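Source file: entry00.csv; contents: CSV, C-alpha atoms and all ligand atoms.
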```
chain,number,residue,atom,x,y,z
A,27,MET,CA,0.0,0.0,0.0
A,28,ASN,CA,1.2,3.5,-0.8
A,29,SER,CA,1.7,6.0,2.1
A,30,ALA,CA,-1.4,7.9,3.2
A,31,GLU,CA,0.6,11.2,2.8
A,32,GLU,CA,0.8,10.6,-0.9
A,33,ARG,CA,-3.0,11.0,-1.3
A,34,ILE,CA,-3.9,13.2,1.7
A,35,GLN,CA,-4.4,16.4,-0.4
A,36,GLU,CA,-6.9,14.6,-2.6
A,37,ALA,CA,-8.7,13.3,0.4
A,38,LEU,CA,-8.8,16.8,2.1
A,39,ALA,CA,-10.3,18.3,-1.1
A,40,ALA,CA,-13.1,15.7,-1.1
A,41,PHE,CA,-14.6,17.0,2.1
A,42,ASP,CA,-16.3,20.2,3.0
A,43,PHE,CA,-15.0,21.1,6.5
A,44,GLY,CA,-17.0,24.3,6.6
A,45,ALA,CA,-13.9,26.4,6.8
A,46,PRO,CA,-10.4,26.6,5.3
A,47,VAL,CA,-8.1,23.7,6.2
A,48,VAL,CA,-4.9,25.1,7.9
A,49,GLY,CA,-3.1,21.8,8.3
A,50,ALA,CA,-3.3,18.0,8.8
A,51,LEU,CA,-1.0,16.0,11.1
A,52,ARG,CA,-0.6,12.3,11.9
A,53,TYR,CA,-2.4,11.6,15.1
A,54,GLY,CA,-2.9,9.0,17.8
A,55,GLN,CA,-1.4,5.6,18.5
A,56,GLY,CA,-3.8,3.2,16.7
A,57,HIS,CA,-2.2,0.2,15.0
A,58,ILE,CA,-4.5,-0.1,12.1
A,59,ASN,CA,-5.8,3.0,10.3
A,60,ASP,CA,-3.8,6.0,9.1
A,61,THR,CA,-5.2,8.8,11.3
A,62,PHE,CA,-4.7,12.5,10.9
A,63,VAL,CA,-6.1,15.5,12.8
A,64,VAL,CA,-7.3,18.3,10.5
A,65,HIS,CA,-7.2,21.9,11.7
A,66,THR,CA,-9.6,24.3,10.1
A,67,GLN,CA,-10.0,28.0,10.8
A,68,PRO,CA,-13.6,29.4,10.7
A,69,GLU,CA,-13.7,33.2,10.4
A,70,ASP,CA,-15.8,33.8,13.5
A,71,ARG,CA,-14.5,31.3,16.0
A,72,CYS,CA,-11.4,29.4,17.1
A,73,CYS,CA,-10.0,26.4,15.3
A,74,ARG,CA,-12.3,23.5,14.6
A,75,ARG,CA,-10.7,20.0,14.4
A,76,PHE,CA,-11.7,16.8,12.6
A,77,ILE,CA,-10.3,13.3,12.4
A,78,LEU,CA,-9.4,12.1,8.9
A,79,GLN,CA,-8.7,8.4,8.5
A,80,ARG,CA,-7.6,6.2,5.7
A,81,MET,CA,-9.1,2.9,6.5
A,82,SER,CA,-6.6,0.0,6.6
A,83,ALA,CA,-6.8,-2.0,3.3
A,84,ALA,CA,-5.0,-4.8,5.0
A,85,ALA,CA,-7.6,-5.1,7.7
A,86,PHE,CA,-10.8,-4.1,5.9
A,87,LYS,CA,-11.6,-5.6,2.5
A,88,HIS,CA,-15.1,-4.0,2.2
A,89,PRO,CA,-15.0,-0.3,3.3
A,90,ASP,CA,-18.5,0.2,2.0
A,91,GLU,CA,-19.9,-2.5,4.4
A,92,LEU,CA,-17.7,-1.1,7.2
A,93,MET,CA,-19.1,2.4,6.7
A,94,GLU,CA,-22.6,1.0,6.5
A,95,ASN,CA,-22.1,-0.5,9.9
A,96,ILE,CA,-20.6,2.7,11.4
A,97,THR,CA,-23.3,4.9,10.0
A,98,GLY,CA,-26.0,2.6,11.3
A,99,VAL,CA,-24.4,2.3,14.7
A,100,THR,CA,-23.5,6.0,15.2
A,101,GLU,CA,-27.1,7.1,14.2
A,102,TYR,CA,-28.6,4.5,16.5
A,103,LEU,CA,-26.3,5.5,19.4
A,104,GLY,CA,-27.2,9.1,18.8
A,105,ARG,CA,-30.9,8.4,19.1
A,106,GLU,CA,-30.4,6.4,22.3
A,107,ILE,CA,-28.3,9.1,23.8
A,108,GLU,CA,-30.8,11.8,23.0
A,109,LYS,CA,-33.6,9.7,24.4
A,110,HIS,CA,-31.7,9.5,27.7
A,111,GLY,CA,-31.0,13.3,27.7
A,112,GLY,CA,-27.3,12.9,26.8
A,113,ASP,CA,-25.2,15.2,24.6
A,114,ARG,CA,-25.3,13.5,21.2
A,115,ASP,CA,-22.4,15.4,19.7
A,116,ARG,CA,-20.0,14.5,22.4
A,117,GLU,CA,-21.2,11.0,23.3
A,118,ALA,CA,-21.5,9.4,19.9
A,119,MET,CA,-19.4,9.9,16.8
A,120,ARG,CA,-20.9,11.4,13.7
A,121,VAL,CA,-19.8,10.6,10.1
A,122,LEU,CA,-19.0,13.7,8.0
A,123,ARG,CA,-19.8,12.7,4.4
A,124,PRO,CA,-17.7,13.8,1.5
A,125,ARG,CA,-19.0,16.4,-1.0
A,126,ASN,CA,-20.2,13.6,-3.3
A,127,GLY,CA,-22.6,12.4,-0.6
A,128,GLU,CA,-21.1,8.9,-0.2
A,129,PRO,CA,-20.3,7.8,3.3
A,130,PHE,CA,-16.6,7.8,2.5
A,131,PHE,CA,-14.1,9.0,-0.2
A,132,THR,CA,-12.1,6.7,-2.5
A,133,ASP,CA,-8.8,8.2,-3.7
A,134,SER,CA,-7.3,7.6,-7.2
A,135,LEU,CA,-5.3,4.7,-5.8
A,136,GLY,CA,-8.2,3.0,-4.2
A,137,GLY,CA,-7.6,4.2,-0.6
A,138,ALA,CA,-10.8,4.7,1.4
A,139,TRP,CA,-11.1,7.8,3.6
A,140,ARG,CA,-13.6,9.0,6.2
A,141,VAL,CA,-14.0,12.0,8.5
A,142,TYR,CA,-15.4,12.5,12.0
A,143,PRO,CA,-15.7,15.7,13.9
A,144,PHE,CA,-13.0,15.7,16.7
A,145,VAL,CA,-14.6,15.1,20.1
A,146,GLU,CA,-13.1,18.1,22.0
A,147,ARG,CA,-12.3,18.5,25.7
A,148,THR,CA,-11.4,14.8,26.0
A,149,VAL,CA,-8.3,12.8,26.7
A,150,CYS,CA,-7.2,9.6,25.1
A,151,TYR,CA,-5.1,7.6,27.6
A,152,GLN,CA,-2.6,5.0,26.5
A,153,SER,CA,-2.3,3.4,29.9
A,154,ALA,CA,-4.5,3.2,33.0
A,155,GLU,CA,-3.0,5.9,35.3
A,156,SER,CA,-5.2,5.0,38.2
A,157,ALA,CA,-7.8,2.4,39.2
A,158,GLU,CA,-10.5,5.1,39.0
A,159,LEU,CA,-9.6,5.9,35.4
A,160,PHE,CA,-9.6,2.3,34.4
A,161,ALA,CA,-12.9,1.8,36.1
A,162,ALA,CA,-14.4,4.8,34.2
A,163,SER,CA,-13.4,3.1,31.0
A,164,GLY,CA,-15.1,-0.1,32.1
A,165,ARG,CA,-18.3,1.8,32.9
A,166,ALA,CA,-18.2,3.3,29.5
A,167,PHE,CA,-17.6,0.0,27.6
A,168,GLY,CA,-20.3,-1.7,29.8
A,169,HIS,CA,-22.8,1.0,29.1
A,170,PHE,CA,-21.9,1.0,25.4
A,171,GLN,CA,-22.8,-2.7,25.3
A,172,GLN,CA,-26.1,-2.0,27.1
A,173,LEU,CA,-26.9,0.9,24.7
A,174,LEU,CA,-26.5,-1.4,21.7
A,175,GLY,CA,-28.6,-4.2,23.3
A,176,GLY,CA,-31.5,-3.4,21.0
A,177,TYR,CA,-29.5,-2.9,17.8
A,178,PRO,CA,-30.6,-5.2,15.0
A,179,ALA,CA,-27.6,-7.4,15.0
A,180,GLU,CA,-28.5,-9.2,11.8
A,181,THR,CA,-28.0,-6.0,9.8
A,182,LEU,CA,-24.3,-5.8,10.8
A,183,HIS,CA,-21.7,-6.9,8.3
A,184,GLU,CA,-18.8,-9.0,9.6
A,185,THR,CA,-16.1,-6.4,8.8
A,186,ILE,CA,-13.3,-8.9,9.6
A,187,PRO,CA,-14.5,-12.5,9.3
A,188,ASN,CA,-13.7,-14.6,12.3
A,189,PHE,CA,-12.3,-11.6,14.2
A,190,HIS,CA,-12.3,-13.2,17.6
A,191,ASN,CA,-12.5,-16.8,16.5
A,192,THR,CA,-9.5,-18.0,18.4
A,193,GLU,CA,-9.6,-21.4,16.8
A,194,ASP,CA,-9.3,-19.7,13.4
A,195,ARG,CA,-6.5,-17.5,14.7
A,196,LEU,CA,-4.7,-20.6,15.6
A,197,VAL,CA,-5.2,-22.1,12.1
A,198,LYS,CA,-3.8,-18.9,10.5
A,199,PHE,CA,-0.9,-18.9,12.9
A,200,LYS,CA,0.0,-22.5,11.9
A,201,ALA,CA,-0.3,-21.6,8.2
A,202,ALA,CA,2.1,-18.6,8.7
A,203,LEU,CA,4.5,-20.9,10.6
A,204,ALA,CA,4.4,-23.5,7.8
A,205,ALA,CA,5.1,-20.9,5.2
A,206,ASP,CA,7.7,-18.9,7.3
A,207,PRO,CA,8.3,-16.5,4.3
A,208,LEU,CA,11.2,-14.6,6.0
A,209,GLY,CA,12.7,-17.4,8.0
A,210,ARG,CA,11.7,-15.7,11.2
A,211,ALA,CA,10.3,-18.8,13.0
A,212,LYS,CA,13.8,-19.7,14.2
A,213,ASP,CA,13.8,-16.4,16.3
A,214,CYS,CA,10.7,-17.3,18.2
A,215,GLY,CA,10.9,-20.9,19.4
A,216,PRO,CA,9.7,-20.3,23.0
A,217,GLU,CA,6.7,-18.2,21.7
A,218,ILE,CA,5.7,-20.9,19.2
A,219,ASP,CA,5.8,-23.5,22.0
A,220,PHE,CA,3.8,-21.2,24.2
A,221,VAL,CA,1.0,-21.2,21.7
A,222,LEU,CA,1.1,-24.9,20.8
A,223,LYS,CA,0.8,-25.8,24.5
A,224,ARG,CA,-2.4,-23.8,24.7
A,225,GLU,CA,-4.2,-25.2,21.7
A,226,ALA,CA,-7.1,-26.6,23.7
A,227,ASP,CA,-7.7,-23.2,25.4
A,228,CYS,CA,-8.4,-21.7,22.0
A,229,SER,CA,-11.8,-23.6,21.9
A,230,VAL,CA,-13.0,-22.7,25.5
A,231,ALA,CA,-15.2,-19.7,24.6
A,232,LEU,CA,-16.4,-21.1,21.3
A,233,ASP,CA,-17.3,-24.4,23.0
A,234,ALA,CA,-19.3,-22.5,25.6
A,235,MET,CA,-21.1,-20.5,22.8
A,236,ARG,CA,-21.8,-23.7,20.9
A,237,ALA,CA,-23.2,-25.3,24.0
A,238,GLY,CA,-25.6,-22.3,24.4
A,239,LYS,CA,-23.9,-21.0,27.6
A,240,LEU,CA,-22.7,-17.7,26.1
A,241,PRO,CA,-25.1,-15.7,23.9
A,242,LEU,CA,-24.1,-13.6,20.9
A,243,ARG,CA,-24.6,-9.9,21.5
A,244,VAL,CA,-23.6,-6.7,19.6
A,245,THR,CA,-20.1,-6.1,20.9
A,246,HIS,CA,-17.3,-3.6,20.2
A,247,ASN,CA,-14.5,-6.2,19.9
A,248,ASP,CA,-11.6,-3.7,20.3
A,249,THR,CA,-12.0,-2.3,23.8
A,250,LYS,CA,-8.5,-0.9,24.4
A,251,LEU,CA,-8.3,2.0,26.8
A,252,ASN,CA,-7.3,4.3,23.8
A,253,ASN,CA,-10.6,3.5,22.1
A,254,VAL,CA,-12.6,5.5,24.7
A,255,LEU,CA,-12.3,9.3,25.0
A,256,MET,CA,-12.4,10.5,28.6
A,257,ASP,CA,-13.6,13.9,29.8
A,258,GLU,CA,-10.6,16.1,30.5
A,259,GLU,CA,-12.1,17.4,33.7
A,260,THR,CA,-14.1,14.6,35.2
A,261,HIS,CA,-12.1,11.7,33.7
A,262,GLU,CA,-15.4,9.8,33.1
A,263,GLY,CA,-15.9,8.1,29.7
A,264,VAL,CA,-17.4,10.4,27.1
A,265,CYS,CA,-17.3,8.7,23.7
A,266,ILE,CA,-16.5,5.2,22.5
A,267,ILE,CA,-14.5,5.4,19.2
A,268,ASP,CA,-13.0,3.0,16.7
A,269,LEU,CA,-16.2,1.3,15.8
A,270,ASP,CA,-14.7,-0.7,12.9
A,271,THR,CA,-15.2,-4.0,14.6
A,272,VAL,CA,-18.7,-3.5,16.1
A,273,MET,CA,-20.2,-6.9,15.2
A,274,PRO,CA,-22.0,-9.7,16.9
A,275,GLY,CA,-19.7,-11.2,19.5
A,276,LEU,CA,-19.4,-12.5,23.1
A,277,VAL,CA,-19.5,-10.0,25.9
A,278,ILE,CA,-16.4,-11.7,27.4
A,279,TYR,CA,-14.4,-10.4,24.4
A,280,ASP,CA,-15.1,-6.8,25.3
A,281,PHE,CA,-14.3,-7.4,28.9
A,282,GLY,CA,-11.2,-9.4,28.1
A,283,ASP,CA,-9.7,-7.1,25.6
A,284,SER,CA,-9.9,-4.2,28.1
A,285,ILE,CA,-8.1,-6.3,30.7
A,286,ARG,CA,-5.5,-7.4,28.2
A,287,PHE,CA,-4.5,-3.8,27.4
A,288,GLY,CA,-5.3,-2.0,30.6
A,289,ALA,CA,-4.8,-4.2,33.7
A,290,ASN,CA,-1.0,-3.7,33.8
A,291,HIS,CA,1.4,-0.8,33.9
A,292,SER,CA,3.5,-1.4,30.8
A,293,ALA,CA,3.4,-0.5,27.1
A,294,GLU,CA,2.1,-3.2,24.8
A,295,ASP,CA,5.6,-3.4,23.2
A,296,GLU,CA,7.7,-3.2,26.4
A,297,THR,CA,11.0,-5.1,25.9
A,298,ASP,CA,11.7,-5.5,29.6
A,299,LEU,CA,9.3,-8.3,30.6
A,300,SER,CA,10.0,-7.8,34.3
A,301,LYS,CA,7.9,-4.6,34.0
A,302,VAL,CA,5.0,-6.5,32.5
A,303,ASN,CA,2.7,-7.8,35.2
A,304,LEU,CA,-1.0,-8.3,35.6
A,305,ASP,CA,-2.4,-5.9,38.2
A,306,VAL,CA,-5.2,-7.9,40.0
A,307,ASP,CA,-6.5,-4.7,41.7
A,308,LEU,CA,-7.0,-3.1,38.3
A,309,PHE,CA,-8.8,-6.3,37.2
A,310,ALA,CA,-11.1,-6.0,40.2
A,311,ALA,CA,-11.8,-2.3,39.6
A,312,TYR,CA,-12.6,-2.9,35.9
A,313,THR,CA,-14.9,-5.9,36.7
A,314,ALA,CA,-17.0,-3.9,39.1
A,315,ALA,CA,-17.3,-0.9,36.8
A,316,PHE,CA,-18.0,-2.9,33.6
A,317,LEU,CA,-20.8,-4.8,35.3
A,318,GLU,CA,-22.2,-1.6,36.7
A,319,GLY,CA,-22.1,0.0,33.2
A,320,ALA,CA,-23.8,-3.0,31.6
A,321,GLY,CA,-26.7,-2.4,34.1
A,322,GLY,CA,-27.0,-6.0,35.4
A,323,SER,CA,-27.6,-7.4,31.9
A,324,LEU,CA,-25.0,-10.2,32.1
A,325,THR,CA,-26.0,-13.7,32.9
A,326,ASN,CA,-24.3,-15.7,35.7
A,327,GLU,CA,-22.7,-17.9,33.0
A,328,GLU,CA,-21.2,-14.8,31.2
A,329,ILE,CA,-19.8,-13.5,34.5
A,330,ALA,CA,-18.3,-16.9,35.3
A,331,TYR,CA,-16.5,-16.8,31.9
A,332,LEU,CA,-15.0,-13.3,32.4
A,333,PRO,CA,-11.5,-14.6,33.4
A,334,TRP,CA,-11.6,-16.7,30.3
A,335,GLY,CA,-12.4,-13.6,28.3
A,336,ALA,CA,-9.3,-11.9,29.7
A,337,LYS,CA,-7.0,-14.9,29.1
A,338,LEU,CA,-8.3,-15.7,25.6
A,339,MET,CA,-8.2,-12.1,24.3
A,340,THR,CA,-4.6,-11.8,25.6
A,341,LEU,CA,-3.5,-15.2,24.2
A,342,GLU,CA,-5.3,-14.5,20.9
A,343,CYS,CA,-3.7,-11.0,20.5
A,344,GLY,CA,-0.3,-12.5,21.2
A,345,ILE,CA,-1.0,-15.1,18.5
A,346,ARG,CA,-2.0,-12.4,16.1
A,347,PHE,CA,1.2,-10.3,16.8
A,348,LEU,CA,3.3,-13.5,16.4
A,349,THR,CA,1.6,-14.5,13.2
A,350,ASP,CA,2.1,-11.0,11.8
A,351,TYR,CA,5.8,-11.0,12.8
A,352,ILE,CA,6.3,-14.3,11.1
A,353,ASP,CA,4.3,-13.1,8.0
A,354,GLY,CA,6.5,-10.0,7.6
A,355,ASP,CA,4.5,-7.3,9.6
A,356,HIS,CA,1.7,-6.6,7.0
A,357,TYR,CA,-1.2,-6.0,9.4
A,358,PHE,CA,-0.2,-4.1,12.6
A,359,HIS,CA,1.7,-0.9,12.0
A,360,ILE,CA,5.3,-1.0,13.3
A,361,SER,CA,7.8,1.7,14.0
A,362,ARG,CA,10.8,-0.6,14.6
A,363,ASP,CA,12.0,-4.1,13.7
A,364,GLY,CA,10.9,-6.8,16.0
A,365,GLN,CA,8.1,-4.7,17.5
A,366,ASN,CA,5.4,-7.3,16.8
A,367,LEU,CA,7.5,-10.0,18.4
A,368,ASP,CA,8.0,-7.7,21.5
A,369,ARG,CA,4.2,-7.1,21.5
A,370,CYS,CA,3.6,-10.9,21.4
A,371,ARG,CA,6.0,-11.5,24.3
A,372,THR,CA,4.2,-9.0,26.6
A,373,GLN,CA,0.9,-10.7,25.8
A,374,PHE,CA,2.2,-14.1,26.7
A,375,LYS,CA,3.8,-12.8,29.9
A,376,LEU,CA,0.3,-11.5,30.9
A,377,VAL,CA,-1.3,-14.8,30.0
A,378,ALA,CA,1.2,-16.6,32.2
A,379,ASP,CA,0.4,-14.2,35.0
A,380,MET,CA,-3.3,-14.8,34.6
A,381,GLU,CA,-2.8,-18.6,34.7
A,382,ALA,CA,-0.7,-18.2,37.9
A,383,ARG,CA,-3.4,-16.0,39.6
A,384,TRP,CA,-6.4,-17.8,38.1
A,385,SER,CA,-8.1,-18.5,41.4
A,386,GLU,CA,-7.9,-14.8,42.5
A,387,LEU,CA,-9.5,-13.8,39.2
A,388,GLU,CA,-12.3,-16.3,39.7
A,389,THR,CA,-12.9,-15.2,43.3
A,390,ILE,CA,-13.3,-11.6,42.1
A,391,VAL,CA,-15.8,-12.3,39.4
A,392,ASN,CA,-17.7,-14.8,41.7
A,393,GLN,CA,-18.5,-11.8,44.0
A,394,TYR,CA,-20.9,-10.5,41.3
A,395,ARG,CA,-22.8,-13.7,40.7
A,396,ILE,CA,-26.3,-13.7,42.0
A,401,LIG,P1,-7.1,2.7,14.9
A,401,LIG,O1,-8.1,1.7,14.4
A,401,LIG,O2,-5.9,2.8,14.1
A,401,LIG,O3,-6.8,2.4,16.3
A,401,LIG,P2,-8.8,4.9,15.9
A,401,LIG,O4,-10.2,5.0,15.2
A,401,LIG,O5,-8.8,4.2,17.2
A,401,LIG,O6,-7.9,4.1,14.8
A,401,LIG,O7,-8.2,6.3,16.0
A,401,LIG,C1,-6.8,6.5,16.4
A,401,LIG,C2,-6.7,7.5,17.5
A,401,LIG,O8,-7.3,8.8,16.9
A,401,LIG,C3,-7.5,7.2,18.7
A,401,LIG,O9,-6.8,6.4,19.6
A,401,LIG,C4,-7.8,8.6,19.2
A,401,LIG,O10,-6.6,9.1,19.9
A,401,LIG,C5,-8.0,9.5,18.0
A,401,LIG,N1,-9.4,9.7,17.6
A,401,LIG,C6,-10.1,8.9,16.7
A,401,LIG,N2,-11.4,9.4,16.6
A,401,LIG,C7,-11.4,10.5,17.3
A,401,LIG,C8,-12.4,11.5,17.5
A,401,LIG,N3,-13.6,11.5,16.9
A,401,LIG,N4,-12.1,12.6,18.3
A,401,LIG,C9,-10.9,12.7,18.9
A,401,LIG,N5,-9.9,11.8,18.8
A,401,LIG,C10,-10.2,10.7,18.0
A,402,LIG,C1,-5.7,-3.1,16.9
A,402,LIG,O1,-7.2,-0.5,15.9
A,402,LIG,P1,-6.5,-0.6,17.2
A,402,LIG,O2,-5.1,-0.1,17.3
A,402,LIG,O3,-7.4,0.1,18.3
A,402,LIG,C2,-6.5,-4.3,16.5
A,402,LIG,C3,-7.0,-5.0,17.7
A,402,LIG,C4,-5.8,-5.4,18.6
A,402,LIG,C5,-5.0,-4.2,18.9
A,402,LIG,C6,-3.8,-4.5,19.6
A,402,LIG,C7,-9.1,-3.9,13.7
A,402,LIG,O4,-6.5,-2.1,17.6
A,402,LIG,O5,-7.8,-6.1,17.4
A,402,LIG,O6,-6.3,-6.0,19.8
A,402,LIG,O7,-4.6,-3.5,17.7
A,402,LIG,N1,-7.6,-3.8,15.6
A,402,LIG,C8,-8.0,-4.5,14.5
A,402,LIG,O8,-3.2,-3.4,20.2
A,402,LIG,O9,-7.4,-5.5,14.1
A,403,MG,MG,-8.0,2.5,18.0
```

Take the structure in the file and give it back as structure tokens.
Amino acid sequence: MNSAEERIQEALAAFDFGAPVVGALRYGQGHINDTFVVHTQPEDRCCRRFILQRMSAAAFKHPDELMENITGVTEYLGREIEKHGGDRDREAMRVLRPRNGEPFFTDSLGGAWRVYPFVERTVCYQSAESAELFAASGRAFGHFQQLLGGYPAETLHETIPNFHNTEDRLVKFKAALAADPLGRAKDCGPEIDFVLKREADCSVALDAMRAGKLPLRVTHNDTKLNNVLMDEETHEGVCIIDLDTVMPGLVIYDFGDSIRFGANHSAEDETDLSKVNLDVDLFAAYTAAFLEGAGGSLTNEEIAYLPWGAKLMTLECGIRFLTDYIDGDHYFHISRDGQNLDRCRTQFKLVADMEARWSELETIVNQYRI
């Protein structure tokens, strides 16, 4: 894929921002899309900002379906938020259509671009600086899940097929390993063994779903702390962003992915693994807040499987980083060699911590069963 910078002028010209554009800069720390903040200068007021994104062609094969999901979900959320007396423009994203009226713009090389108004007076955190902050993100994700409870799930496209199908992730990992296009498998023997020893784990959530123990709901599926914008003064969650993967899924995926990313004090690509440790107090704070946000809508069975959500999302993400490393880093953006292998190692360290402290995690979630 060409660099987004090559086509950004074309993309900027395709949208009517309501005022002259004064600049566009790379923005944020997402691993998937090319994200820019656009500054505009209206005559009568201070700068107005927008988020301009080129959607990842590696991740999303059908941007039209993706944007149909996002338009549907943001409009539905907007109506729900208004119904409950909330501030629609701050609490739900809005899609700004290009001049041609389509939901996104396709550049001359096929890149797909979209624009959202920037949600101001918010902060996007990359790590949980306190238990209160992490809990606030949990309340926001739990509430998001509840707000979408009535969304017609059958109308959603599967933007990435088998996204959290851990069995399928394992199959793809084995295929990458067999192909080993760059001869990198020899650098990651312990990580490969780590996965192969946990093959049976990859089926636990899917088996529970197939047995009717865990229901499909509309879920976010990418509940990292940096996918919720927090109010800069109150530090409560304001707006859930990154809706690319809103699809039918299991609630334990949303819980688990937040724990994976947030219930520790290190960066996802930390190279000193002694700094990478599961923080069980953060796990407890998030559990209480997520369940509060979800408004009592989880079944006992779903609550019982929450520790599995945490372990599986962490194991699966590690498998995905390792697969991409072996494949040649085509999916997750990297800024240095070996970064995806480092990311894989932090995930596996966290999985090992979860296994070592399993009974503590079970005790915490059991407090919430009726
Ligand atoms: P990716 O899929 O690459 O993670 P995101 O949609 O999460 O892309 O956007 C990347 C970053 O851009 C976010 O982590 C956040 O910092 C910022 N961002 C995205 N949308 C908005 C918005 N509407 N208002 C303010 N910041 C945003
Ligand atoms: C990606 O888009 P972003 O950076 O919020 C990825 C997630 C991974 C995460 C790991 C669409 O999230 O699934 O868990 O990186 N998103 C997609 O940090 O693949
Ligand atoms: Mg993101």

Exercise. Residues up to 7 Å from ligand LIG 402 (chain A), counting all atoms listed in the file: could you list those as a list of chain:residue names?
Key: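 Listing the residues within 7 Å of ligand LIG 402 (chain A) gives A:Gln55, A:Gly56, A:His57, A:Ile58, A:Asn59, A:Ala85, A:Asp248, A:Lys250, A:Asn252, A:Asn253, A:Asp268, A:Asp270, A:Thr271, A:Asp283, A:Cys343, A:Phe358.
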
Self-check item: Surrounding residues as a PyMOL selection string, ligand LIG 401 (chain A), max 10 Å, only C-alpha atoms and all ligand atoms
Solution: chain A and resi 52-63+75-82+85+116-121+141-152+248-255+265-271+358-359

Exercise. Pick out the residues sitting within 9 Å of A:Thr185, and hand them over as a list of chain:residue names; count all atoms listed in the file, and ignore anything fewer than 5 positions along from it in its own chain.
Key: A:Ala85, A:Phe86, A:Lys87, A:His88, A:Pro89, A:Glu91, A:Leu92, A:Asn95, A:Asp270, A:Thr271, A:Val272, A:Met273

Quick one: write out the picked residues with C-alpha atoms as a PDB file, in the frame of the given file?
```
ATOM      1  CA  ALA A  85      -7.600  -5.100   7.700  1.00  0.00           C
ATOM      2  CA  PHE A  86     -10.800  -4.100   5.900  1.00  0.00           C
ATOM      3  CA  LYS A  87     -11.600  -5.600   2.500  1.00  0.00           C
ATOM      4  CA  HIS A  88     -15.100  -4.000   2.200  1.00  0.00           C
ATOM      5  CA  PRO A  89     -15.000  -0.300   3.300  1.00  0.00           C
ATOM      6  CA  GLU A  91     -19.900  -2.500   4.400  1.00  0.00           C
ATOM      7  CA  LEU A  92     -17.700  -1.100   7.200  1.00  0.00           C
ATOM      8  CA  ASN A  95     -22.100  -0.500   9.900  1.00  0.00           C
ATOM      9  CA  ASP A 270     -14.700  -0.700  12.900  1.00  0.00           C
ATOM     10  CA  THR A 271     -15.200  -4.000  14.600  1.00  0.00           C
ATOM     11  CA  VAL A 272     -18.700  -3.500  16.100  1.00  0.00           C
ATOM     12  CA  MET A 273     -20.200  -6.900  15.200  1.00  0.00           C
TER      13      MET A 273
END
```

Quiz item: So which one's closest to ligand MG 403 (chain A), A:His246, A:Gly364, A:Leu348, A:His65? Using all atoms listed in the file, please.
Solution: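 Checking each candidate against ligand MG 403 (chain A), we get A:His246 as the closest.
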
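Between atom CA of A:Asn126 and atom CA of A:Phe41 the separation is 8.5 Å.
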
Quiz prompt | Pick from A:Tyr102, A:Tyr279, A:Tyr331, A:Phe287, whichever lies nearest to A:Phe309 using only C-alpha atoms | solution =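 Result for the nearest residue to A:Phe309: A:Phe287.
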
Quiz prompt | Interatomic distance, atom CA of A:Ile360 to atom CA of A:Leu304 (Å, one decimal) | solution =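 Separation between atom CA of A:Ile360 and atom CA of A:Leu304: 24.3 Å.
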
Quiz prompt | One-decimal distance in Å that lies between atom CA of A:Glu32 and atom CA of A:Pro124 | solution =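 These two atoms are separated by 18.9 Å.
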
Practice problem: Give me the residues within 8 Å of stretch 372-375 of chain A as a list in words, counting all atoms listed in the file and dropping any in the same chain fewer than 6 places off. | Solution: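 Residues meeting the cut-off are Glu217, Phe220, Arg286, Glu294, Asp295, Glu296, Thr297, Leu299, Val302, Asn303, Thr340, Leu341, Cys343 and Gly344 of chain A.
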
Selected residues written out, C-alpha atoms, as a JSON list (two decimals), in the coordinates of the input:
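Ended up saving to selection27.json:
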```json
[["chain", "number", "residue", "atom", "x", "y", "z"],
["A", 217, "GLU", "CA", 6.70, -18.20, 21.70],
["A", 220, "PHE", "CA", 3.80, -21.20, 24.20],
["A", 286, "ARG", "CA", -5.50, -7.40, 28.20],
["A", 294, "GLU", "CA", 2.10, -3.20, 24.80],
["A", 295, "ASP", "CA", 5.60, -3.40, 23.20],
["A", 296, "GLU", "CA", 7.70, -3.20, 26.40],
["A", 297, "THR", "CA", 11.00, -5.10, 25.90],
["A", 299, "LEU", "CA", 9.30, -8.30, 30.60],
["A", 302, "VAL", "CA", 5.00, -6.50, 32.50],
["A", 303, "ASN", "CA", 2.70, -7.80, 35.20],
["A", 340, "THR", "CA", -4.60, -11.80, 25.60],
["A", 341, "LEU", "CA", -3.50, -15.20, 24.20],
["A", 343, "CYS", "CA", -3.70, -11.00, 20.50],
["A", 344, "GLY", "CA", -0.30, -12.50, 21.20]]
```

Quiz item: For A:Gly215, which residue among A:Leu367, A:Thr325, A:Gln172, A:Val230 is the nearest when counting all atoms listed in the file?
Solution: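 Distance minimum relative to A:Gly215 lands on A:Leu367.
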
Quiz item: Which residues come within 10 Å of stretch 187-191 of chain A, counting all atoms listed in the file, excluding same-chain residues fewer than 3 positions away, as a list in words?
Solution: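 Once the adjacent positions are removed, what remains is Phe86, His183, Glu184, Asp194, Arg195, Leu196, Cys228, Ser229, Ala231, Leu232, Asn247, Asp248, Thr271, Met273, Gly275, Leu276, Tyr279, Leu338, Met339, Glu342 and Cys343 of chain A.
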
Exercise. Could you check which of A:Ala382, A:Val48, A:Phe160, A:Arg71 is closest to A:His261, using only C-alpha atoms?
Key: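 Looking at the shortest contact to A:His261, the residue is A:Phe160.
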